Each structure stands twice: as structure tokens, then as C-alpha cells.
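*Asks:* Structure below; questions to follow.
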Amino acid sequence: MATTYRICPRSGLQFDTAAEKLMRWNAVAGVLALLLGGIMALGVILTRWPAVHLLPADQFYLALTSHGVNMLLFWIIFFEMAVLYFASSTLLHCRLATPKIAWAGFWLMAIGAIMTNVAIFQGESSVMFTSYVPMQAKPHFYLGLILFAVGALIGCFVFLGTLVVAKAEKTYEGSIPLVTFGALTAAIIAIFTIASGAVILIPTLLWSLGYIREIDTIMYRIVWWAMGHSSQQINVSAHVAIWYAVAAIVFGAKPMSEKVSRSAFLLYILFLQLASAHHLLSDPGVGSEWKVVNTSYFMYFAVLASMIHGMTVPGAIEQAQRAKGYNKGLFEWLRKAPWGNPAFSSMFLSLVGFGFLGGISGVMMGTEQLNLLIHNTIYVPGHFHATVVIGTTLAFMGLTYFLVPVLFRREVLFPGFAKLQPYLFGLSMYVVALVMMGAGTLGVSRRHWDMAFAGSGMAYEWPGAAYLMMGLTGIAGVVAIIGGGGWILQIVFSLLFGKKLDEGETRSTPIPLTLPPQTGAHAAHIGTPGTMVLALVFLVSFILYYFVNWKYLSSLWGMA
Amino acid sequence: MSAISPPAERIWWKQPIDKLEFTWIAIAFVWSLVMFVMMVYWHIAGGQNLSNETYKTTKEMFAAKTQAVVDKYTVRTGTDAEKQFPVVKPPAGSDIYLIGRLWDWWPIYELEVGKTYKLHLSAMDYMHGFSLQPQNINIQVHPNYEHVVKITPNQKGTYSIVCNEYCGIGHHTMVGRIYVK
């Protein structure tokens with residue numbers, strides 16, 4: 001089966017033509033899911049904004065279910081398939097293994113995504129993204145998710161097969177690139193995730209069809225979260241790989257230490273899954289030892305890994321910038337970074353927001369006793385909008401600015417808006433995450449139609465500050481949707497109407513990657529004091545916030 | 001050679017680690033240990049730990065136990081604003097039962113400040129979320145499981161129990177009450 005290879009004249013990257021088409025289709029399918037999820041987001045945010053309170057209860061829960069499923073599964077995993085194909089066939093200069101099977105995977109994912117959305121919009125499957133039993137959705141809600149997962153699993157195996165092809169056909173020398181290594185991490189976690197999903201969703205499907213009488217609620221939550229949380233760990237691995245990729249593309253940055261960065265990815269594989277346990281910290285039926293051991297992910301090895309990446313990515317950029325002569329003081333390298341380049345600004349906002357907002361709040365929530373303070377409050381969506389939206393989505397958006405000319409061979413339209421978009425979307429999402437966490441600290445519930453409890457005999461009066469924060473969530477949320485919707489329009493218009501760019505040379509054989517002669521000598525060492533200062537600022541914020549919450553906890557009713 | 005290319009040094013795992021990078025890893029590791037120890041420490045010295053005492057139960061059995069406590073210790077029938085639910089004042093130290101169901105927390109309890117009670121939680125239908133406000137204590141409540149939590153109210157007042165696990169169209173009306181006197 002012969003394929004051809006196109007050498008992109010703008011980036012020098014080499015694309016297997018078959019893989020390239022798959023990347024484009026997966027990315028476009030992802031953006032369509034993002035569009036639908038974004039429209040739903042508008043319904044959700046305008047209802048939770050107390051002064052607007054747009055949708056009636058049934059439509060609100062329907063929109064919320066659709067928003068969660070489309071954003072957390074469909075948008076992200078479609079895009080990740082494109083990333084996997086890119087990180088394997090493109091970065092390793094080889095052909096994609098079994099493109100026909102990859103297409104079968106794509107269509108399974110597409111059919112599954114459509115089927116689940118149909119079930120949701122028919123109105124009898126408003127069970128939220130988590131679909132906790134014994135609340136029951138229609139069978140095709142679960143079946144769609146299962147088909148989608150099987151399709152994604154096929155994509156992971158095509159990725160692994162491509163690594164084998166590259167090795168066998170000797171298209172590269174030495175080890176796989178760090179970004180491919182990160183993508184491999186994501187694929188391995190994805191396989192675990194999808195297996196967990198099968199273990200829980202297949203019985204749930206059978207239960208909704210009437211073949212199984214009952215599903216245990218605690219077991220459901222344990223196994224479901226082995227999918228639900230681990231799928232977010234795919235995102236972490238994928239977006240960290242993208243941080244490294246963008247640093248490499250924009251600055252030519254080289255990892256500070258291959259050994260450290262790869263070990264940190266390895267820690268993700270070993271320990272991130274256990275993090276799923278933190279969803280059950282306020283549940284009965286699982287013991288404290290189980291909670292402590294799992295959520296400290298064996299002493300926070302996964303958190304350690306993220307803290308390492310959080311330093312080595314900016315560290316690599318600092319080294320690259322200093323090598324170019326931006327050496328003045330602690331931060332000239334950062335001040336003189338290309339803040340107008342949306343690929344860079346997205347990546348940097350993603351990194352900072354993921355660490356400061358998502359990371360710190362995630363560890364707080366993942367602490368056994370502190371979890372009592374925020375379990376099921378709107379603090380939780382505050383946290384994961386920082387990790388998944390600022391961390392993952394923003395990184396994916398940034399990468400897309402690079403991919404439009406390189407992969408889709410179109411010029412990005414509205415470059416002025418492109419410069420602003422990461423700030424508009426990213427910073428408003430910072431505010432969304434913060435005020436949601438603020439409201440959650442005051443106790444406001446997540447997945448709740450009316451904080452005024454209309455129709456309840458014993459309504460609780462939230463403090464005014466809670467209303468204020470939910471109002472701010474509404475305002476900042478609308479701005480974020482404008483930023484995100486603007487991005488979608490910009491990308492779609494660029495793909496349809498952007499100036500067609502030169503395709504570059506197409507050849508029938510790939511050019512293998514070769515290493516420079518091994519001299520054994522190292523380049524002069526460059527320090528990274530600026531990054532270290534930033535890392536310490538992070539650490540201090542982390543420590544303060546962590547102990548403030550213990551102080552808060554200690555003021556509550558005694559519990560034993 | 002960058003992160004999107006194979007490492008330039010074939011034997012990359014023998015490259016020395018940057019001093020600052022190593023320092024950061026060491027700091028992060030120590031901090032991880034501190035956070036781990038903190039959870040264990042709180043189990044020993046802290047006053048707020050979620051109990052692990054859980055039993056399998058059935059809806060009928062839990063409803064019967066709740067009814068028994070209500071029959072024994074009800075002091076008055078609630079007003080209209082209290083949905084006319086029984087207001088139950090159990091003696092300090094006793095076992096009290098709270099039902100989560102579509103869309104009530106039943107019954108209403110009147111507790112004494114500084115006294116300890118064994119609160120049994122279970123749900124009759126879907127999962128519910130026990131969210132005590134304005135304290136902000138949040139516990140997941142499962143059907144068919146009885147979770148026993150020792151609570152010691154430390155301040156007088158009227159407390160609300162908001163349901164914060166989505167439980168259908170009337171979810172937002174599911175609010176209960178505890179008085180602490």
C-alpha cells in the first residue's frame with residue numbers, strides 16, 4: 001500500500017498523505033464538538049447567572065449534559081487522535097500504520113458521538129456527563145459512548161502500530177522525540193481509560209436494556225471515575241506534550257534534560273490513574289487508608305511530575321531565549337517572548353493557568369479531609385475549567401494556529417484577532433475558574449438549576465457574595481464564549497476562505513531523520529534563574545493556599 | 001534538535017541534570033511528602049475526619065429505623081414553612097437517621113450545641129448530596145448504604161441541608177434543615 005509524503009515548505013515537517021487527511025478530519029470533528037459544546041455552555045452559563053436565569057430546569061440539565069459530554073469527551077479526544085497521528089507519523093517521518101483501520105476508528109467515534117448527542121437531545125437522557133446510577137439514560141446514550149470509546153481505542157493502537165513501523169523501517173535514529181514520548185504516555189493512559197469505561201458502561205448499557213437488575217452505586221463511582229478522571233489525564237499528557245512542542249516550534253527550545261522530562265511522563269503512567277480515587281473522598285464504603293494512599297498517589301508522584309513539567313517547559317524556553325542573547329536580568333527572556341504569536345501566548349497562558357489555578361486547587365480538592373469543603377460544589381467545575389479549558393483546550397487552540405498553515409495549507413484569516421484571542425479566551429476563563437471556586441468555597445452547588453431554590457419550602461439564603469460570584473461567572477463566561485466562538489469562526493473561515501498556500505514537494509519515499517555526529521561534548525550550560533523564581537512564587541502560593549484551607553476546615557463542626 | 005526531534009545525544013540518559021532543575025525536583029518532592037503527612041496527621045490530631053463506618057442496608061430497613069427515631073423523639077410538627085415535617089429532638093449521644101429522597105431531607109432535627117450525635121445517612125432512590133450550609137460540609141449519600149458520621153455542632157443556629165448531587169428535575173427544591181440550640 002503506497003502512500004506519498006509531503007514536505008511542508010513552511011515548517012519542514014514531513015506528512016504522510018494518508019495520515020494528514022486523518023489528522024484534518026479528526027481535528028475538524030473535534031472543532032464541531034467544541035462548537036456544539038460551546039453553544040450548550042452559553043445555555044448553562046446564562047442559566048447559572050442568577051440575574052438572567054435563562055433556561056427552564058429540564059433544558060438546563062439537558063444543556064449541561066450535552067456540554068459535559070461534548071467538551072470533555074468528543075472535542076478533546078477527536079483532537080487528541082489528530083495529535084497522536086501527528087506525533088507518530090509526522091514527527092517520526094514514517095507512514096501511518098493501517099490507515100484504513102484508522103478510518104474505521106474515526107467513523108466509529110463519529111457515529112458514537114452523534115448517537116449519544118441524539119439520545120441527549122431527545123430529552124430523556126439528562127443524566128449529566130457522569131450518568132450516575134440508578135438514574136437511567138436511554139440505551140443509545142451508553143451505546144454511543146461505547147462506540148466512541150472503541151473508535152478511540154483503535155486510534156491508540158494505530159498510533160502504537162505506527163511507532164513499530166517507524167522503528168522497523170528505520171525512519172529515525174536514536175530515541176523517539178520527547179513530544180512523541182508524551183503522546184505515547186497519553187496513548188497508554190487512554191488504553192487504560194477506555195478499558196475502565198468498557199468495564200462500567202457495558203454493564204450499565206445492559207442494565208438500561210433490562211438485562212441486569214441493579215448496579216452498585218459505589219462500584220459505579222469507582223470504576224466510572226477510573227474512566228472519567230483518567231480521560232482527563234490523557235489530556236494532561238497530551239497538552240504537556242504540546243507545551244514542549246510549541247516551545248520547540250516557536251523557540252527551537254530543547255528540553256533541559258531529556259532524562260527528567262521523560263521520567264516525569266513515566267510518573268504519569270504509573271501514578272495518575274490512582275488520582276481517580278479523589279472523586280470518592282466524601283463517599284461512604286471506601287476506607288480512609290484507601291483514600292489516603294490513592295489520593296496521595298503514592299506521595300503525590302503525579303503532582304511531582306506536573307511540577308517538574310511546569311518548571312522544565314519554561315526553563316527550556318528560558319535557555320533558548322538566553323542563547324539568543326536575551327540575557328538581561330531575570331526576565332528579559334520572558335519579556336521579549338513573542339507575545340503576539342497566538343501559538344506561544346496560548347501555550348504560556350495554558351501553562352500558568354493550569355499550574356496556578358488548576359494544579360493548586362486540584363491538590364487541595366484531592367486531600368482527603370479538605371475534600372469535605374468542596375465536594376460537589378461549584379468549586380469542582382471551577383477547578384476543571386482551569387485544568388481542562390485553560391490547560392488542554394487553550395493549548396489545543398494554540399497548536400491549531402500553527403497547524404492551519406502547516407497541515408491545512410491555508411493562511412490564518414484575521415491575524416489581528418488571532419493575536420488577541422488567547423488573551424480574550426484565556427484570561428476570561430481564568431476569571432471564570434476563580435469566581436466559580438470562590439462561589440464553591442461559599443458552598444454553592446454544582447449542577448444546580450436555581451440557587452434561590454424556587455418552590456422549595458425551606459429555601460436557604462446564600463450570602464450576597466455567592467450571588468456576586470455567580471454573576472461574575474456569568475459575565476466572564478460569556479466573554480470566554482465570545483473568545484472561544486471567535487476562535488471557531490476564525491479557524492473555520494480560514495479553512496474555507498483563507499489563502500491557499502503552497503503544498504510543497506511530494507515524494508514517494510520518506511526522508512529518514514538522522515542524528516548529528518555524536519561528539520560527546522555538550523553545548524555551554526545556560527542557567528534558568530528566572531524560571532526558578534517563577535517556580536518559587538508558585539510554591540509559596542501553593543503552600544499558603546493549602547494551609548488556609550486546613551484552617552477553614554478546623555473551624556467546622558467536629559466530625560469523626 | 002528540540003523536543004520534536006529525537007534527542008541529539010544518543011545516550012541522553014547519561015546527561016547530567018541541571019542544578020536548579022534538580023533543586024526544584026527536591027523541593028517539590030519534600031512538599032509532596034509534607035502534604036501526604038498532613039492527611040495522616042489530621043487523622044490523629046484533627047477534629048474533622050469523615051467516618052468510615054458504613055453498612056449495607058435496604059430502603060425499607062433504613063426508612064423503618066428513621067421512623068422509629070421520629071416516633072420516639074418528635075417534639076412538634078413543623079410549620080408550613082417546615083413542610084409540616086416532624087421536628088425531632090433526640091437526646092445527646094443518640095443515633096439519628098436522615099433520609100435523602102426525591103426531593104426532601106427528612107425529618108428535621110433539633111440538636112444541642114457541643115453534643116455529639118451519630119448521624120446515619122442513606123438515600124431512598126437516586127444518589128443525593130448532603131451539603132450542610134453555611135458550614136459547607138459535603139458528603140455523598142448513596143442508596144442501599146448506611147453511612148454513620150459522628151457530628152458535633154459547634155455553633156448555635158439554623159442550618160440548611162442543600163442537595164448537591166443532581167437528582168432530577170426537582171433537585172433545586174431539595175433543601176432540609178437542622179436546628180442547633
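Going through the C-alpha cells in order, the chains are called A, B, and so on, while each chain numbers its residues from 1 and the ligands are numbered from 1 in the order shown.
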From range 325-550 of chain A, collect each residue whose DSSP state is alpha helix (DSSP H) and return the set as a PyMOL selection string.

*Replies:* chain A and resi 332-335+342-353+360-365+371-374+379-384+394-406+415-441+464-497+529-550

*Asks:* Extract, using only C-alpha atoms, all DNA, RNA and protein residues at most 7 Å from range 18-34 of chain B, discarding same-chain residues fewer than 4 positions from it, and format them as a list in words.

*Replies:*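 After dropping sequence-adjacent residues, the list is Met299, Tyr300, Leu304, Met307 and Ile308 of chain A; Met38 of chain B.
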
*Asks:* Can I get the selected residues back with N, CA and C atoms, as a short mmCIF file (atom, residue, chain, number, x, y, z; two decimals), in the first residue's frame?

*Replies:*
```
data_model
loop_
_atom_site.label_atom_id
_atom_site.label_comp_id
_atom_site.auth_asym_id
_atom_site.auth_seq_id
_atom_site.Cartn_x
_atom_site.Cartn_y
_atom_site.Cartn_z
N MET A 299 2.30 9.33 47.61
CA MET A 299 3.01 10.56 47.91
C MET A 299 3.11 11.51 46.72
N TYR A 300 1.98 11.69 46.08
CA TYR A 300 1.90 12.77 45.10
C TYR A 300 2.94 12.67 44.00
N LEU A 304 4.12 15.69 41.55
CA LEU A 304 5.55 15.95 41.38
C LEU A 304 5.89 16.05 39.89
N MET A 307 4.71 19.28 38.53
CA MET A 307 5.56 20.38 38.99
C MET A 307 6.89 20.38 38.21
N ILE A 308 7.35 19.20 37.83
CA ILE A 308 8.58 19.13 37.04
C ILE A 308 8.35 19.72 35.64
N MET B 38 0.40 15.40 56.15
CA MET B 38 -0.67 16.24 56.68
C MET B 38 -1.99 15.47 56.80
#
```

*Asks:* Would you please work out which residue, of B:Trp12, B:Phe130, B:Tyr41, B:Phe62, is nearest to chain A when using only C-alpha atoms?

*Replies:*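 The answer is B:Trp12, which sits nearest to chain A.
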
*Asks:* Which is closest to Val246 in chain A among A:Leu34, A:Met347, A:Ile212, A:Leu468, if we use only C-alpha atoms?

*Replies:*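 Of the candidates, the smallest distance to Val246 in chain A is held by A:Met347.
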
*Asks:* With only C-alpha atoms considered, list every residue of chain B at most 7 Å from chain A, as a ChimeraX atom specification.

*Replies:* /B:1-10,12-13,17,25,28-29,32-33,36,39,47-52,54,81-83,126,133,135-140,142,147,149-154,160,164-166,169,172-176

*Asks:* Which residues are near Pro90 in chain B? Cut-off 8 Å, only C-alpha atoms, ignore same chain within fewer than 3 positions. Put them as a PDB file with C-alpha atoms, in the first residue's frame.

*Replies:*
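The resulting out15.pdb:
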```pdb
ATOM      1  CA  VAL B  69     -36.468   7.640  65.928  1.00  0.00           C
ATOM      2  CA  TYR B  73     -38.393  11.853  69.865  1.00  0.00           C
ATOM      3  CA  THR B  74     -40.663  14.130  67.838  1.00  0.00           C
ATOM      4  CA  SER B  94     -28.011   9.129  70.273  1.00  0.00           C
ATOM      5  CA  ILE B  96     -30.163   9.927  64.387  1.00  0.00           C
ATOM      6  CA  TYR B 109     -33.607  17.615  63.716  1.00  0.00           C
ATOM      7  CA  GLU B 110     -33.028  19.866  66.692  1.00  0.00           C
ATOM      8  CA  LEU B 111     -29.579  19.288  68.185  1.00  0.00           C
TER       9      LEU B 111
END
```

*Asks:* Quick one: pick out all strand (DSSP E or B) residues within chain B from a backbone DSSP run and write them as number ranges by chain.

*Replies:* B: 48, 54-56, 74-77, 86-88, 95-101, 104-106, 108-111, 117-123, 128-133, 137-141, 143, 145-152, 157-163, 175-180

*Asks:* List the spatial neighbours of Leu145 in chain A as an mmCIF file with C-alpha atoms, in the first residue's frame - criterion: any atom at most 8 Å away, only C-alpha atoms, same-chain residues fewer than 6 positions off excluded.

*Replies:*
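File written: part.cif
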```cif
data_model
loop_
_atom_site.group_PDB
_atom_site.id
_atom_site.type_symbol
_atom_site.label_atom_id
_atom_site.label_comp_id
_atom_site.auth_asym_id
_atom_site.auth_seq_id
_atom_site.Cartn_x
_atom_site.Cartn_y
_atom_site.Cartn_z
ATOM 1 C CA GLY A 112 -20.886 7.166 18.666
ATOM 2 C CA ALA A 113 -20.679 10.925 19.225
ATOM 3 C CA THR A 116 -25.055 9.976 22.263
#
```
